[in-house]
Amino acid sequence: MTGTEDTEQGPPAPRHWEADVLLRDGRTAHIRPIGPQDAALLVDFYARVSDQSKYYRFFSPMPKLSERDVARFTQVDHVNRVAFVLTLSGQMIAVGRYDVVRPGEAEVAFLVEDQHQGRGIAQLLLEHLAQAGRERGVEKFVAEVLPDNSRMIQTFRDAGYRVASEYEDGVLALEFPIEPTDTAIGLMVNREHRAESASIERFFNPRSVAVIGASRRQDTIGQALVRNLVMGDFTGRVYVVNPSSAAVSGMPAFATVGDIPDEVDVAIVAVPAEAVQDVVLDCAAKGVHGLVVISSGFAETGEEGRQRQRRLVGLSRSYGLRLIGPNCLGIINTDPGVSLNASLSGVMPPRGRAGFFCQSGALGSAILEKVNNRGLGLSTFVSAGNRADVSGNDLLQYWEEDDSTEVVLLYLESIGNPRKFSRIARRVSLRKPIIAVRSGRTTQGVPMGHAVRKIAAPPQAVDAMFRQAGVIQVDTLEEMFDVAQLLAHQPLPRGRRVAIVGNSDALGLLAADAAAAVGLVVNKSVALGADATAEDFEDALDAAIDDPEVDSVVAVYIPPLNVSGEDVANVLAAVGEQSDKPLVSSFLGAEGVPELLRVPDVAGSTAGRGSVPSYPAVEAAVRALARVVEYAVWLRTPDGPPVGPDEVDQQAAKRLVNDLLRRNPEGTHLDQDELTSLLGAYGIELWENRRVTTLEEAEKAGEDLGWDVVLKATADHLRERPDQAHVWRNIDTPEEMRDAWESLALRITEPEKAGFVVQKNSTPGVPIAIRSIEDPLFGPVVSFGISGPLIELLADKSYRIPPLGERDAAAMVREIKSSPMLFGYRGSEVVDVAEVERLIRRVAQLQNDLPQVSSLDLSLVLAGAEGATVLTAAARVDAVADSRSDWFVRRMPEHPGDTIPG
């Protein structure tokens, strides 16, 4: 043990240092700072640790802890001596600590109970200790490890930090800076991915399921769950738990889950809400991995239910259990090797390529009916209900690696952790398309039972987050299925060029109009006539697919009277199976993938790869195709890296911000010199200006700047006035300055509050604004738009979530409606768009690197043909102790009722 013997308690530990965490095997535990109340827990924990582990920790036999040792280890100041414990089922199973040995340097050590070693606990403790150290000004960790303690040595090396080591006196001395490198963050994200994926995999592939609350009555939830499991042909074992019955549905019933003689992987819970907590304790004692809580009566019912739900989640996690629900429909896995229908839906969807996540139980039933009617097919399905624990983010982690899932479908009623969703979705979208419907998109409303924090960013920022992550966001469930059936059965298009082949001139024209409306280019239109044969269709379709100027084909078939169309269907199916370009159809006005257009799939799907989806209206077919084209374009557009560390002086900016907050702990606006230094650290030059309060000061400023200056008022209530009455340009002499001063003083009410500045005249250009904020839920958000009150009124802005690559910055510039002003509108000069994009990326990187910058506003930037001049800017810094505390450590979302349920 290194450090002081003083056991005096310091200030309380920050609240965000406490969290639920997910271990390598997908089970949960709780991490928190140690305290004097942990003395008994520490003694019990130490008694369970092997002699070898104790020797590795203290380098000498230390069979028991003295009272002095216990006091020393449990009484820390949370500044120079910081310690975390990991608890499970009310017991301490690990402890990690650091002790500052000199300014900026601390010694770190761990002790993990032997039976829990190998679960990634030391890595978790190291992550949380490093984050606490960074918050307390620690820059480097050191550790002494015995050479044969290979697990601990590997823990430090696997963390992703640059570890230096030397061997002396039989001990290996390690040291490493704890600044979060890209490598360290990447490794942490990978560990998070594996743990969350493992936790969901156990739900979908159980060897045994217990239905707790099974009933003999036919009209009950418990009876429906048993019936659906059995009728769905579940390949594992089904157990029923009912204390008042000897048998249910011909199966022996057990009084409690603990009475079941075999292991139980997943428990489906359908008991009254007030009895669920007792079930959690029974399941924890049995060693159940996870709970699917169908029961209602939780947060959806009001404050009492919210508190009950909070206790349910806290209890489940404290015993290592993951939870789906409560108030959910259940889960389904259509894999023939599992065939799990642990839900209230009597419909077992056909085997397919899409994984579906929704929240509403009632809507989930309708979704499954719709999927079945369309012949779409699912790989897996989850209805998360109140989404108290398991969320869409967890499912994305699982589906990313699931070979049977090629398309991800999300129906989101709220987003608890959009920052994490954005990070995961960006990665998943590179491998598999994600289609999302988001209710409350306009009103930002959320259903009862969903606890979410207020988002400060506007709704457009949420839409931008989806686009940036490559998510295909659609407006309705119908459109989701339209897009999904195309992605599940047809290849991605290479571009926007479309051929239309059909036997109806009217429908062909409708298709062409629809294509033009959604940004597709019709390069070929073939009207075959009402009497076209199957051979005619085959020739026309082959020619369209072989045409190098065509990227996808829309086929329209309306049969003559008394004709089945089977011959044409056979042609469409054959062409669709062989084509490397997507083929969609409006065939007989059918919806989904009709039997006639299906291609058998060796994997067991009802409609295999190459099956041709059909739409009742050509407009729906074209709209679905356009959504897929946008995704394909996103996928094929290279995205350069964000701004590199060698391009900015991050350390200088951090020193400036930290110094400001030391002097102004309540936060402050930056003055001109501070702002110039902050922006300069990121390669952004702020045009010099001089704040003046008298005519004499204005004249001196003009002379100092070499004249050809501007006098303008900068007070908030005067900026960006359309008549520009508060600005006087082209001032070259003291006399002209006097005229400008007197004229503006007459035009402006209360000129003493106008905030006059003198500034060098800049070259003309298009006025633009680049802004960023630190959103409490999103983290950094950046916006871009043309400056001016009309643009502000119309909310013509683009948004993105940093960090930004070249693709995102370019898209921000081009997606605003007023973007033609930057590209030579009505004969004007094309501005230096590359410089505008550079500024956007630098602002984004600054906001990404410095969460203490609560807002940054480049409110007036003149973008010209040969560069861009930043004329007006403002910034504010605020202390944010727990801002982005989940960026550098793994932590599960907080319990509902506290903040967000993930």
# chains A, B, ... in the order shown; residues from 1 in each chain; ligands from 1
$ residues_around --residues "range 421-433 of chain A" --least-positions-apart "4" --cutoff "9 Å" --atoms "only C-alpha atoms" --output "MDAnalysis selection string"
chainID A and resid 193 392:393 396:397 399:400 405:409 415:417 465:466 468:472 487 628 631 635 801
$ select_by_dssp --residues "range 222-319 of chain A" --states "alpha helix (DSSP H)" --output "MDAnalysis selection string"
chainID A and resid 222:231 276:286 303:318
$ residues_around --residues "Ile791 in chain A" --least-positions-apart "3" --cutoff "12 Å" --atoms "only C-alpha atoms" --output "PDB file with all heavy atoms, in the first residue's frame"
ATOM      1  N   GLU A 720     -27.691  41.301 -36.663  1.00  0.00           N
ATOM      2  CA  GLU A 720     -28.374  40.692 -37.811  1.00  0.00           C
ATOM      3  C   GLU A 720     -29.698  41.398 -38.124  1.00  0.00           C
ATOM      4  O   GLU A 720     -30.669  40.765 -38.513  1.00  0.00           O
ATOM      5  CB  GLU A 720     -28.592  39.206 -37.572  1.00  0.00           C
ATOM      6  CG  GLU A 720     -27.285  38.441 -37.406  1.00  0.00           C
ATOM      7  CD  GLU A 720     -27.487  36.957 -37.166  1.00  0.00           C
ATOM      8  OE1 GLU A 720     -28.646  36.504 -37.178  1.00  0.00           O
ATOM      9  OE2 GLU A 720     -26.483  36.259 -36.987  1.00  0.00           O
ATOM     10  N   PRO A 722     -32.114  43.295 -40.498  1.00  0.00           N
ATOM     11  CA  PRO A 722     -32.172  43.243 -41.960  1.00  0.00           C
ATOM     12  C   PRO A 722     -31.795  44.550 -42.639  1.00  0.00           C
ATOM     13  O   PRO A 722     -31.238  44.549 -43.737  1.00  0.00           O
ATOM     14  CB  PRO A 722     -33.642  42.868 -42.232  1.00  0.00           C
ATOM     15  CG  PRO A 722     -34.383  43.158 -40.974  1.00  0.00           C
ATOM     16  CD  PRO A 722     -33.412  42.991 -39.866  1.00  0.00           C
ATOM     17  N   PRO A 767     -22.806  35.633 -45.874  1.00  0.00           N
ATOM     18  CA  PRO A 767     -22.754  35.495 -44.408  1.00  0.00           C
ATOM     19  C   PRO A 767     -23.257  34.113 -43.973  1.00  0.00           C
ATOM     20  O   PRO A 767     -24.365  33.702 -44.338  1.00  0.00           O
ATOM     21  CB  PRO A 767     -23.682  36.609 -43.919  1.00  0.00           C
ATOM     22  CG  PRO A 767     -24.647  36.825 -45.043  1.00  0.00           C
ATOM     23  CD  PRO A 767     -23.890  36.549 -46.307  1.00  0.00           C
ATOM     24  N   ILE A 768     -22.474  33.399 -43.210  1.00  0.00           N
ATOM     25  CA  ILE A 768     -22.865  32.093 -42.694  1.00  0.00           C
ATOM     26  C   ILE A 768     -22.660  32.062 -41.196  1.00  0.00           C
ATOM     27  O   ILE A 768     -21.950  32.911 -40.632  1.00  0.00           O
ATOM     28  CB  ILE A 768     -22.064  30.944 -43.349  1.00  0.00           C
ATOM     29  CG1 ILE A 768     -20.567  31.099 -43.052  1.00  0.00           C
ATOM     30  CG2 ILE A 768     -22.317  30.880 -44.850  1.00  0.00           C
ATOM     31  CD1 ILE A 768     -19.729  29.919 -43.511  1.00  0.00           C
ATOM     32  N   ALA A 769     -23.283  31.098 -40.531  1.00  0.00           N
ATOM     33  CA  ALA A 769     -23.152  30.941 -39.081  1.00  0.00           C
ATOM     34  C   ALA A 769     -22.862  29.474 -38.770  1.00  0.00           C
ATOM     35  O   ALA A 769     -23.497  28.576 -39.323  1.00  0.00           O
ATOM     36  CB  ALA A 769     -24.431  31.387 -38.374  1.00  0.00           C
ATOM     37  N   PHE A 784     -25.189  24.495 -38.848  1.00  0.00           N
ATOM     38  CA  PHE A 784     -24.672  25.358 -39.921  1.00  0.00           C
ATOM     39  C   PHE A 784     -25.840  25.958 -40.679  1.00  0.00           C
ATOM     40  O   PHE A 784     -26.860  25.295 -40.905  1.00  0.00           O
ATOM     41  CB  PHE A 784     -23.790  24.559 -40.883  1.00  0.00           C
ATOM     42  CG  PHE A 784     -23.457  25.300 -42.150  1.00  0.00           C
ATOM     43  CD1 PHE A 784     -22.454  26.258 -42.157  1.00  0.00           C
ATOM     44  CD2 PHE A 784     -24.160  25.078 -43.326  1.00  0.00           C
ATOM     45  CE1 PHE A 784     -22.153  26.968 -43.308  1.00  0.00           C
ATOM     46  CE2 PHE A 784     -23.863  25.767 -44.480  1.00  0.00           C
ATOM     47  CZ  PHE A 784     -22.855  26.718 -44.483  1.00  0.00           C
ATOM     48  N   GLY A 785     -25.674  27.227 -41.099  1.00  0.00           N
ATOM     49  CA  GLY A 785     -26.690  27.855 -41.928  1.00  0.00           C
ATOM     50  C   GLY A 785     -26.211  29.201 -42.434  1.00  0.00           C
ATOM     51  O   GLY A 785     -25.171  29.715 -42.015  1.00  0.00           O
ATOM     52  N   ILE A 786     -26.987  29.765 -43.358  1.00  0.00           N
ATOM     53  CA  ILE A 786     -26.741  31.130 -43.821  1.00  0.00           C
ATOM     54  C   ILE A 786     -27.216  32.082 -42.732  1.00  0.00           C
ATOM     55  O   ILE A 786     -28.246  31.856 -42.105  1.00  0.00           O
ATOM     56  CB  ILE A 786     -27.492  31.403 -45.142  1.00  0.00           C
ATOM     57  CG1 ILE A 786     -27.153  30.347 -46.194  1.00  0.00           C
ATOM     58  CG2 ILE A 786     -27.179  32.808 -45.652  1.00  0.00           C
ATOM     59  CD1 ILE A 786     -25.732  30.356 -46.669  1.00  0.00           C
ATOM     60  N   SER A 787     -26.451  33.153 -42.480  1.00  0.00           N
ATOM     61  CA  SER A 787     -26.838  34.120 -41.453  1.00  0.00           C
ATOM     62  C   SER A 787     -27.963  35.010 -41.951  1.00  0.00           C
ATOM     63  O   SER A 787     -28.046  35.322 -43.138  1.00  0.00           O
ATOM     64  CB  SER A 787     -25.636  35.003 -41.065  1.00  0.00           C
ATOM     65  OG  SER A 787     -24.683  34.263 -40.370  1.00  0.00           O
ATOM     66  N   GLY A 788     -28.796  35.438 -41.022  1.00  0.00           N
ATOM     67  CA  GLY A 788     -29.842  36.385 -41.356  1.00  0.00           C
ATOM     68  C   GLY A 788     -31.145  36.027 -40.685  1.00  0.00           C
ATOM     69  O   GLY A 788     -31.420  34.854 -40.406  1.00  0.00           O
ATOM     70  N   LEU A 794     -37.026  30.632 -40.802  1.00  0.00           N
ATOM     71  CA  LEU A 794     -37.391  29.408 -41.511  1.00  0.00           C
ATOM     72  C   LEU A 794     -36.670  28.182 -40.977  1.00  0.00           C
ATOM     73  O   LEU A 794     -36.902  27.073 -41.461  1.00  0.00           O
ATOM     74  CB  LEU A 794     -37.083  29.571 -43.010  1.00  0.00           C
ATOM     75  CG  LEU A 794     -37.864  30.682 -43.729  1.00  0.00           C
ATOM     76  CD1 LEU A 794     -37.394  30.815 -45.171  1.00  0.00           C
ATOM     77  CD2 LEU A 794     -39.365  30.394 -43.679  1.00  0.00           C
ATOM     78  N   ALA A 795     -35.778  28.368 -40.000  1.00  0.00           N
ATOM     79  CA  ALA A 795     -35.022  27.259 -39.387  1.00  0.00           C
ATOM     80  C   ALA A 795     -34.294  26.445 -40.444  1.00  0.00           C
ATOM     81  O   ALA A 795     -34.284  25.217 -40.396  1.00  0.00           O
ATOM     82  CB  ALA A 795     -35.962  26.372 -38.572  1.00  0.00           C
ATOM     83  N   ASP A 796     -33.681  27.158 -41.395  1.00  0.00           N
ATOM     84  CA  ASP A 796     -32.957  26.477 -42.477  1.00  0.00           C
ATOM     85  C   ASP A 796     -31.525  26.205 -42.015  1.00  0.00           C
ATOM     86  O   ASP A 796     -30.590  26.922 -42.363  1.00  0.00           O
ATOM     87  CB  ASP A 796     -32.967  27.343 -43.739  1.00  0.00           C
ATOM     88  CG  ASP A 796     -32.316  26.649 -44.927  1.00  0.00           C
ATOM     89  OD1 ASP A 796     -32.240  25.403 -44.902  1.00  0.00           O
ATOM     90  OD2 ASP A 796     -31.879  27.339 -45.857  1.00  0.00           O
ATOM     91  N   LYS A 797     -31.387  25.158 -41.202  1.00  0.00           N
ATOM     92  CA  LYS A 797     -30.085  24.802 -40.656  1.00  0.00           C
ATOM     93  C   LYS A 797     -29.847  23.313 -40.823  1.00  0.00           C
ATOM     94  O   LYS A 797     -30.784  22.519 -40.908  1.00  0.00           O
ATOM     95  CB  LYS A 797     -30.005  25.141 -39.157  1.00  0.00           C
ATOM     96  CG  LYS A 797     -30.094  26.617 -38.831  1.00  0.00           C
ATOM     97  CD  LYS A 797     -29.999  26.813 -37.322  1.00  0.00           C
ATOM     98  CE  LYS A 797     -30.093  28.281 -36.940  1.00  0.00           C
ATOM     99  NZ  LYS A 797     -30.041  28.465 -35.472  1.00  0.00           N
ATOM    100  N   SER A 798     -28.585  22.946 -40.851  1.00  0.00           N
ATOM    101  CA  SER A 798     -28.215  21.533 -40.815  1.00  0.00           C
ATOM    102  C   SER A 798     -27.515  21.249 -39.500  1.00  0.00           C
ATOM    103  O   SER A 798     -26.888  22.135 -38.911  1.00  0.00           O
ATOM    104  CB  SER A 798     -27.312  21.184 -42.000  1.00  0.00           C
ATOM    105  OG  SER A 798     -26.149  21.998 -42.015  1.00  0.00           O
ATOM    106  N   ILE A 816     -28.856  22.297 -46.650  1.00  0.00           N
ATOM    107  CA  ILE A 816     -29.747  23.414 -46.341  1.00  0.00           C
ATOM    108  C   ILE A 816     -30.388  23.913 -47.634  1.00  0.00           C
ATOM    109  O   ILE A 816     -29.797  23.840 -48.712  1.00  0.00           O
ATOM    110  CB  ILE A 816     -28.999  24.552 -45.618  1.00  0.00           C
ATOM    111  CG1 ILE A 816     -27.848  25.086 -46.466  1.00  0.00           C
ATOM    112  CG2 ILE A 816     -28.509  24.097 -44.251  1.00  0.00           C
ATOM    113  CD1 ILE A 816     -27.162  26.305 -45.879  1.00  0.00           C
ATOM    114  N   LYS A 817     -31.599  24.428 -47.535  1.00  0.00           N
ATOM    115  CA  LYS A 817     -32.331  24.881 -48.723  1.00  0.00           C
ATOM    116  C   LYS A 817     -31.672  26.092 -49.371  1.00  0.00           C
ATOM    117  O   LYS A 817     -31.802  26.309 -50.584  1.00  0.00           O
ATOM    118  CB  LYS A 817     -33.777  25.199 -48.339  1.00  0.00           C
ATOM    119  CG  LYS A 817     -34.587  23.992 -47.913  1.00  0.00           C
ATOM    120  CD  LYS A 817     -36.020  24.395 -47.566  1.00  0.00           C
ATOM    121  CE  LYS A 817     -36.874  23.188 -47.218  1.00  0.00           C
ATOM    122  NZ  LYS A 817     -36.404  22.491 -46.014  1.00  0.00           N
ATOM    123  N   SER A 818     -30.969  26.879 -48.570  1.00  0.00           N
ATOM    124  CA  SER A 818     -30.336  28.092 -49.111  1.00  0.00           C
ATOM    125  C   SER A 818     -28.921  27.832 -49.617  1.00  0.00           C
ATOM    126  O   SER A 818     -28.196  28.781 -49.924  1.00  0.00           O
ATOM    127  CB  SER A 818     -30.303  29.187 -48.039  1.00  0.00           C
ATOM    128  OG  SER A 818     -29.776  28.691 -46.819  1.00  0.00           O
ATOM    129  N   SER A 819     -28.522  26.583 -49.739  1.00  0.00           N
ATOM    130  CA  SER A 819     -27.155  26.271 -50.167  1.00  0.00           C
ATOM    131  C   SER A 819     -26.795  26.816 -51.550  1.00  0.00           C
ATOM    132  O   SER A 819     -25.609  27.086 -51.801  1.00  0.00           O
ATOM    133  CB  SER A 819     -26.922  24.762 -50.138  1.00  0.00           C
ATOM    134  OG  SER A 819     -27.751  24.100 -51.063  1.00  0.00           O
TER     135      SER A 819
END
$ residues_around --residues "Trp17 in chain A" --least-positions-apart "6" --cutoff "10 Å" --atoms "only C-alpha atoms" --output "JSON, numbers by chain"
{"A": [31, 32, 33, 84, 128, 129, 131, 132, 882, 885, 891]}
$ closest_residue --among "A:Val112, A:Val382, A:Cys358, A:Ala620" --to "Gln52 in chain A" --atoms "only C-alpha atoms"
A:Val112
$ residues_around --residues "Val550 in chain A" --least-positions-apart "3" --cutoff "12 Å" --atoms "only C-alpha atoms" --output "list of chain:residue names"
A:Pro493, A:Arg494, A:Gly495, A:Arg496, A:Arg497, A:Val498, A:Ala499, A:Ile500, A:Leu520, A:Val521, A:Val522, A:Asn523, A:Lys524, A:Ser525, A:Leu541, A:Asp542, A:Ala543, A:Ala544, A:Ile545, A:Asp546, A:Asp547, A:Val553, A:Val554, A:Asp580, A:Lys581, A:Pro582, A:Leu583
$ write_last_selection --atoms "N, CA, C and O atoms" --output "tab-separated table (two decimals), in the first residue's frame"
chain	number	residue	atom	x	y	z
A	493	PRO	N	-28.66	-0.90	-54.81
A	493	PRO	CA	-28.39	-0.22	-56.09
A	493	PRO	C	-27.04	0.48	-56.06
A	493	PRO	O	-26.53	0.83	-54.99
A	494	ARG	N	-26.47	0.70	-57.24
A	494	ARG	CA	-25.17	1.38	-57.31
A	494	ARG	C	-25.33	2.89	-57.44
A	494	ARG	O	-24.38	3.63	-57.27
A	495	GLY	N	-26.52	3.34	-57.80
A	495	GLY	CA	-26.74	4.77	-57.97
A	495	GLY	C	-28.21	5.09	-58.12
A	495	GLY	O	-29.08	4.28	-57.79
A	496	ARG	N	-28.52	6.28	-58.64
A	496	ARG	CA	-29.88	6.80	-58.68
A	496	ARG	C	-30.61	6.55	-60.00
A	496	ARG	O	-31.76	6.95	-60.16
A	497	ARG	N	-29.96	5.91	-60.96
A	497	ARG	CA	-30.55	5.77	-62.30
A	497	ARG	C	-31.51	4.57	-62.34
A	497	ARG	O	-31.15	3.47	-61.95
A	498	VAL	N	-32.72	4.84	-62.85
A	498	VAL	CA	-33.81	3.86	-62.79
A	498	VAL	C	-34.34	3.59	-64.19
A	498	VAL	O	-34.42	4.50	-65.03
A	499	ALA	N	-34.72	2.32	-64.45
A	499	ALA	CA	-35.48	1.95	-65.65
A	499	ALA	C	-36.87	1.51	-65.22
A	499	ALA	O	-37.03	0.84	-64.19
A	500	ILE	N	-37.88	1.90	-65.99
A	500	ILE	CA	-39.26	1.53	-65.72
A	500	ILE	C	-39.75	0.65	-66.87
A	500	ILE	O	-39.71	1.07	-68.04
A	520	LEU	N	-34.73	10.40	-57.90
A	520	LEU	CA	-34.23	9.36	-58.79
A	520	LEU	C	-34.25	9.85	-60.22
A	520	LEU	O	-35.03	10.73	-60.59
A	521	VAL	N	-33.38	9.30	-61.05
A	521	VAL	CA	-33.26	9.71	-62.45
A	521	VAL	C	-33.73	8.56	-63.33
A	521	VAL	O	-33.16	7.47	-63.30
A	522	VAL	N	-34.78	8.80	-64.12
A	522	VAL	CA	-35.31	7.77	-65.02
A	522	VAL	C	-34.51	7.81	-66.32
A	522	VAL	O	-34.67	8.71	-67.14
A	523	ASN	N	-33.64	6.84	-66.49
A	523	ASN	CA	-32.81	6.76	-67.69
A	523	ASN	C	-33.42	5.92	-68.79
A	523	ASN	O	-32.97	5.96	-69.93
A	524	LYS	N	-34.43	5.15	-68.46
A	524	LYS	CA	-35.03	4.25	-69.45
A	524	LYS	C	-36.46	3.99	-69.05
A	524	LYS	O	-36.75	3.70	-67.89
A	525	SER	N	-37.37	4.11	-70.00
A	525	SER	CA	-38.78	3.82	-69.76
A	525	SER	C	-39.30	3.01	-70.94
A	525	SER	O	-39.27	3.47	-72.08
A	541	LEU	N	-36.81	-6.63	-69.48
A	541	LEU	CA	-36.13	-6.63	-68.19
A	541	LEU	C	-34.65	-6.96	-68.33
A	541	LEU	O	-33.79	-6.33	-67.71
A	542	ASP	N	-34.34	-7.95	-69.16
A	542	ASP	CA	-32.93	-8.31	-69.38
A	542	ASP	C	-32.16	-7.14	-69.96
A	542	ASP	O	-31.02	-6.86	-69.56
A	543	ALA	N	-32.79	-6.44	-70.93
A	543	ALA	CA	-32.12	-5.31	-71.56
A	543	ALA	C	-31.88	-4.19	-70.56
A	543	ALA	O	-30.83	-3.55	-70.55
A	544	ALA	N	-32.86	-3.94	-69.69
A	544	ALA	CA	-32.72	-2.88	-68.69
A	544	ALA	C	-31.62	-3.22	-67.69
A	544	ALA	O	-30.79	-2.37	-67.32
A	545	ILE	N	-31.58	-4.47	-67.24
A	545	ILE	CA	-30.57	-4.87	-66.25
A	545	ILE	C	-29.18	-4.87	-66.86
A	545	ILE	O	-28.19	-4.54	-66.20
A	546	ASP	N	-29.09	-5.21	-68.15
A	546	ASP	CA	-27.78	-5.22	-68.81
A	546	ASP	C	-27.29	-3.82	-69.17
A	546	ASP	O	-26.11	-3.64	-69.49
A	547	ASP	N	-28.17	-2.83	-69.15
A	547	ASP	CA	-27.81	-1.46	-69.52
A	547	ASP	C	-26.89	-0.86	-68.46
A	547	ASP	O	-27.29	-0.72	-67.29
A	553	VAL	N	-34.41	-1.35	-61.41
A	553	VAL	CA	-35.52	-1.51	-62.34
A	553	VAL	C	-36.83	-1.59	-61.57
A	553	VAL	O	-36.94	-2.28	-60.55
A	554	VAL	N	-37.84	-0.85	-62.08
A	554	VAL	CA	-39.20	-0.92	-61.55
A	554	VAL	C	-40.07	-1.59	-62.61
A	554	VAL	O	-40.16	-1.10	-63.74
A	580	ASP	N	-27.97	-8.65	-60.52
A	580	ASP	CA	-27.14	-7.99	-59.50
A	580	ASP	C	-27.60	-6.56	-59.27
A	580	ASP	O	-26.93	-5.79	-58.58
A	581	LYS	N	-28.75	-6.20	-59.85
A	581	LYS	CA	-29.37	-4.89	-59.64
A	581	LYS	C	-30.75	-5.11	-59.02
A	581	LYS	O	-31.42	-6.09	-59.33
A	582	PRO	N	-31.19	-4.21	-58.15
A	582	PRO	CA	-32.48	-4.42	-57.50
A	582	PRO	C	-33.65	-4.32	-58.48
A	582	PRO	O	-33.65	-3.47	-59.38
A	583	LEU	N	-34.61	-5.19	-58.29
A	583	LEU	CA	-35.83	-5.21	-59.11
A	583	LEU	C	-37.01	-5.15	-58.16
A	583	LEU	O	-37.16	-6.00	-57.27
$ residues_around --residues "Glu752 in chain A" --least-positions-apart "4" --cutoff "9 Å" --atoms "only C-alpha atoms" --output "list in words"
Thr693, Ala745 and Phe756 of chain A
$ residues_around --residues "Phe254 in chain A" --least-positions-apart "3" --cutoff "7 Å" --atoms "only C-alpha atoms" --output "PyMOL selection string"
chain A and resi 240-243+257+259-260
$ write_last_selection --atoms "N, CA, C and O atoms" --output "mmCIF file, in the first residue's frame"
data_model
loop_
_atom_site.group_PDB
_atom_site.id
_atom_site.type_symbol
_atom_site.label_atom_id
_atom_site.label_comp_id
_atom_site.auth_asym_id
_atom_site.auth_seq_id
_atom_site.Cartn_x
_atom_site.Cartn_y
_atom_site.Cartn_z
ATOM 1 N N VAL A 240 -43.211 -24.728 -15.788
ATOM 2 C CA VAL A 240 -44.277 -23.817 -15.371
ATOM 3 C C VAL A 240 -44.224 -23.671 -13.855
ATOM 4 O O VAL A 240 -43.973 -24.640 -13.126
ATOM 5 N N VAL A 241 -44.454 -22.456 -13.385
ATOM 6 C CA VAL A 241 -44.418 -22.148 -11.957
ATOM 7 C C VAL A 241 -45.771 -21.588 -11.553
ATOM 8 O O VAL A 241 -46.192 -20.535 -12.048
ATOM 9 N N ASN A 242 -46.444 -22.334 -10.702
ATOM 10 C CA ASN A 242 -47.742 -21.910 -10.179
ATOM 11 C C ASN A 242 -47.921 -22.571 -8.811
ATOM 12 O O ASN A 242 -48.076 -23.789 -8.722
ATOM 13 N N PRO A 243 -47.872 -21.794 -7.724
ATOM 14 C CA PRO A 243 -47.918 -22.404 -6.377
ATOM 15 C C PRO A 243 -49.249 -23.046 -6.036
ATOM 16 O O PRO A 243 -49.327 -23.829 -5.079
ATOM 17 N N VAL A 257 -39.627 -21.064 -8.669
ATOM 18 C CA VAL A 257 -38.609 -21.398 -9.657
ATOM 19 C C VAL A 257 -37.457 -22.155 -9.000
ATOM 20 O O VAL A 257 -36.780 -22.975 -9.637
ATOM 21 N N ASP A 259 -37.724 -24.558 -7.024
ATOM 22 C CA ASP A 259 -38.069 -25.974 -6.922
ATOM 23 C C ASP A 259 -37.788 -26.738 -8.212
ATOM 24 O O ASP A 259 -37.846 -27.977 -8.215
ATOM 25 N N ILE A 260 -37.534 -26.037 -9.291
ATOM 26 C CA ILE A 260 -37.241 -26.705 -10.564
ATOM 27 C C ILE A 260 -35.908 -27.435 -10.416
ATOM 28 O O ILE A 260 -34.902 -26.826 -10.027
#
$ select_by_dssp --residues "range 762-794 of chain A" --states "strand (DSSP E or B)" --output "VMD selection string"
chain A and resid 766 to 775 779 to 786
$ closest_residue --among "A:Arg310, A:Ser772, A:His289, A:Gly805" --to "Gln277 in chain A" --atoms "only C-alpha atoms"
A:Arg310
$ closest_residue --among "A:Lys64, A:Arg691, A:Arg467, A:Arg771" --to "Arg627 in chain A" --atoms "only C-alpha atoms"
A:Arg467
$ atom_distance --atom1 "CA of Gly287 in chain A" --atom2 "CA of Leu315 in chain A"
14.3 Å
$ decode --residues "range 554-559 of chain A" --atoms "N, CA and C atoms" --output "JSON list (two decimals), in the first residue's frame"
[["chain", "number", "residue", "atom", "x", "y", "z"],
["A", 554, "VAL", "N", -37.84, -0.85, -62.08],
["A", 554, "VAL", "CA", -39.20, -0.92, -61.55],
["A", 554, "VAL", "C", -40.07, -1.59, -62.61],
["A", 555, "ALA", "N", -40.68, -2.72, -62.25],
["A", 555, "ALA", "CA", -41.56, -3.45, -63.18],
["A", 555, "ALA", "C", -43.01, -3.25, -62.77],
["A", 556, "VAL", "N", -43.85, -2.91, -63.76],
["A", 556, "VAL", "CA", -45.27, -2.67, -63.51],
["A", 556, "VAL", "C", -46.07, -3.67, -64.35],
["A", 557, "TYR", "N", -46.92, -4.46, -63.70],
["A", 557, "TYR", "CA", -47.72, -5.43, -64.46],
["A", 557, "TYR", "C", -49.16, -5.39, -63.99],
["A", 558, "ILE", "N", -50.02, -4.98, -64.90],
["A", 558, "ILE", "CA", -51.47, -5.03, -64.70],
["A", 558, "ILE", "C", -52.01, -5.95, -65.79],
["A", 559, "PRO", "N", -52.52, -7.15, -65.46],
["A", 559, "PRO", "CA", -52.87, -8.13, -66.49],
["A", 559, "PRO", "C", -54.17, -7.79, -67.21]]
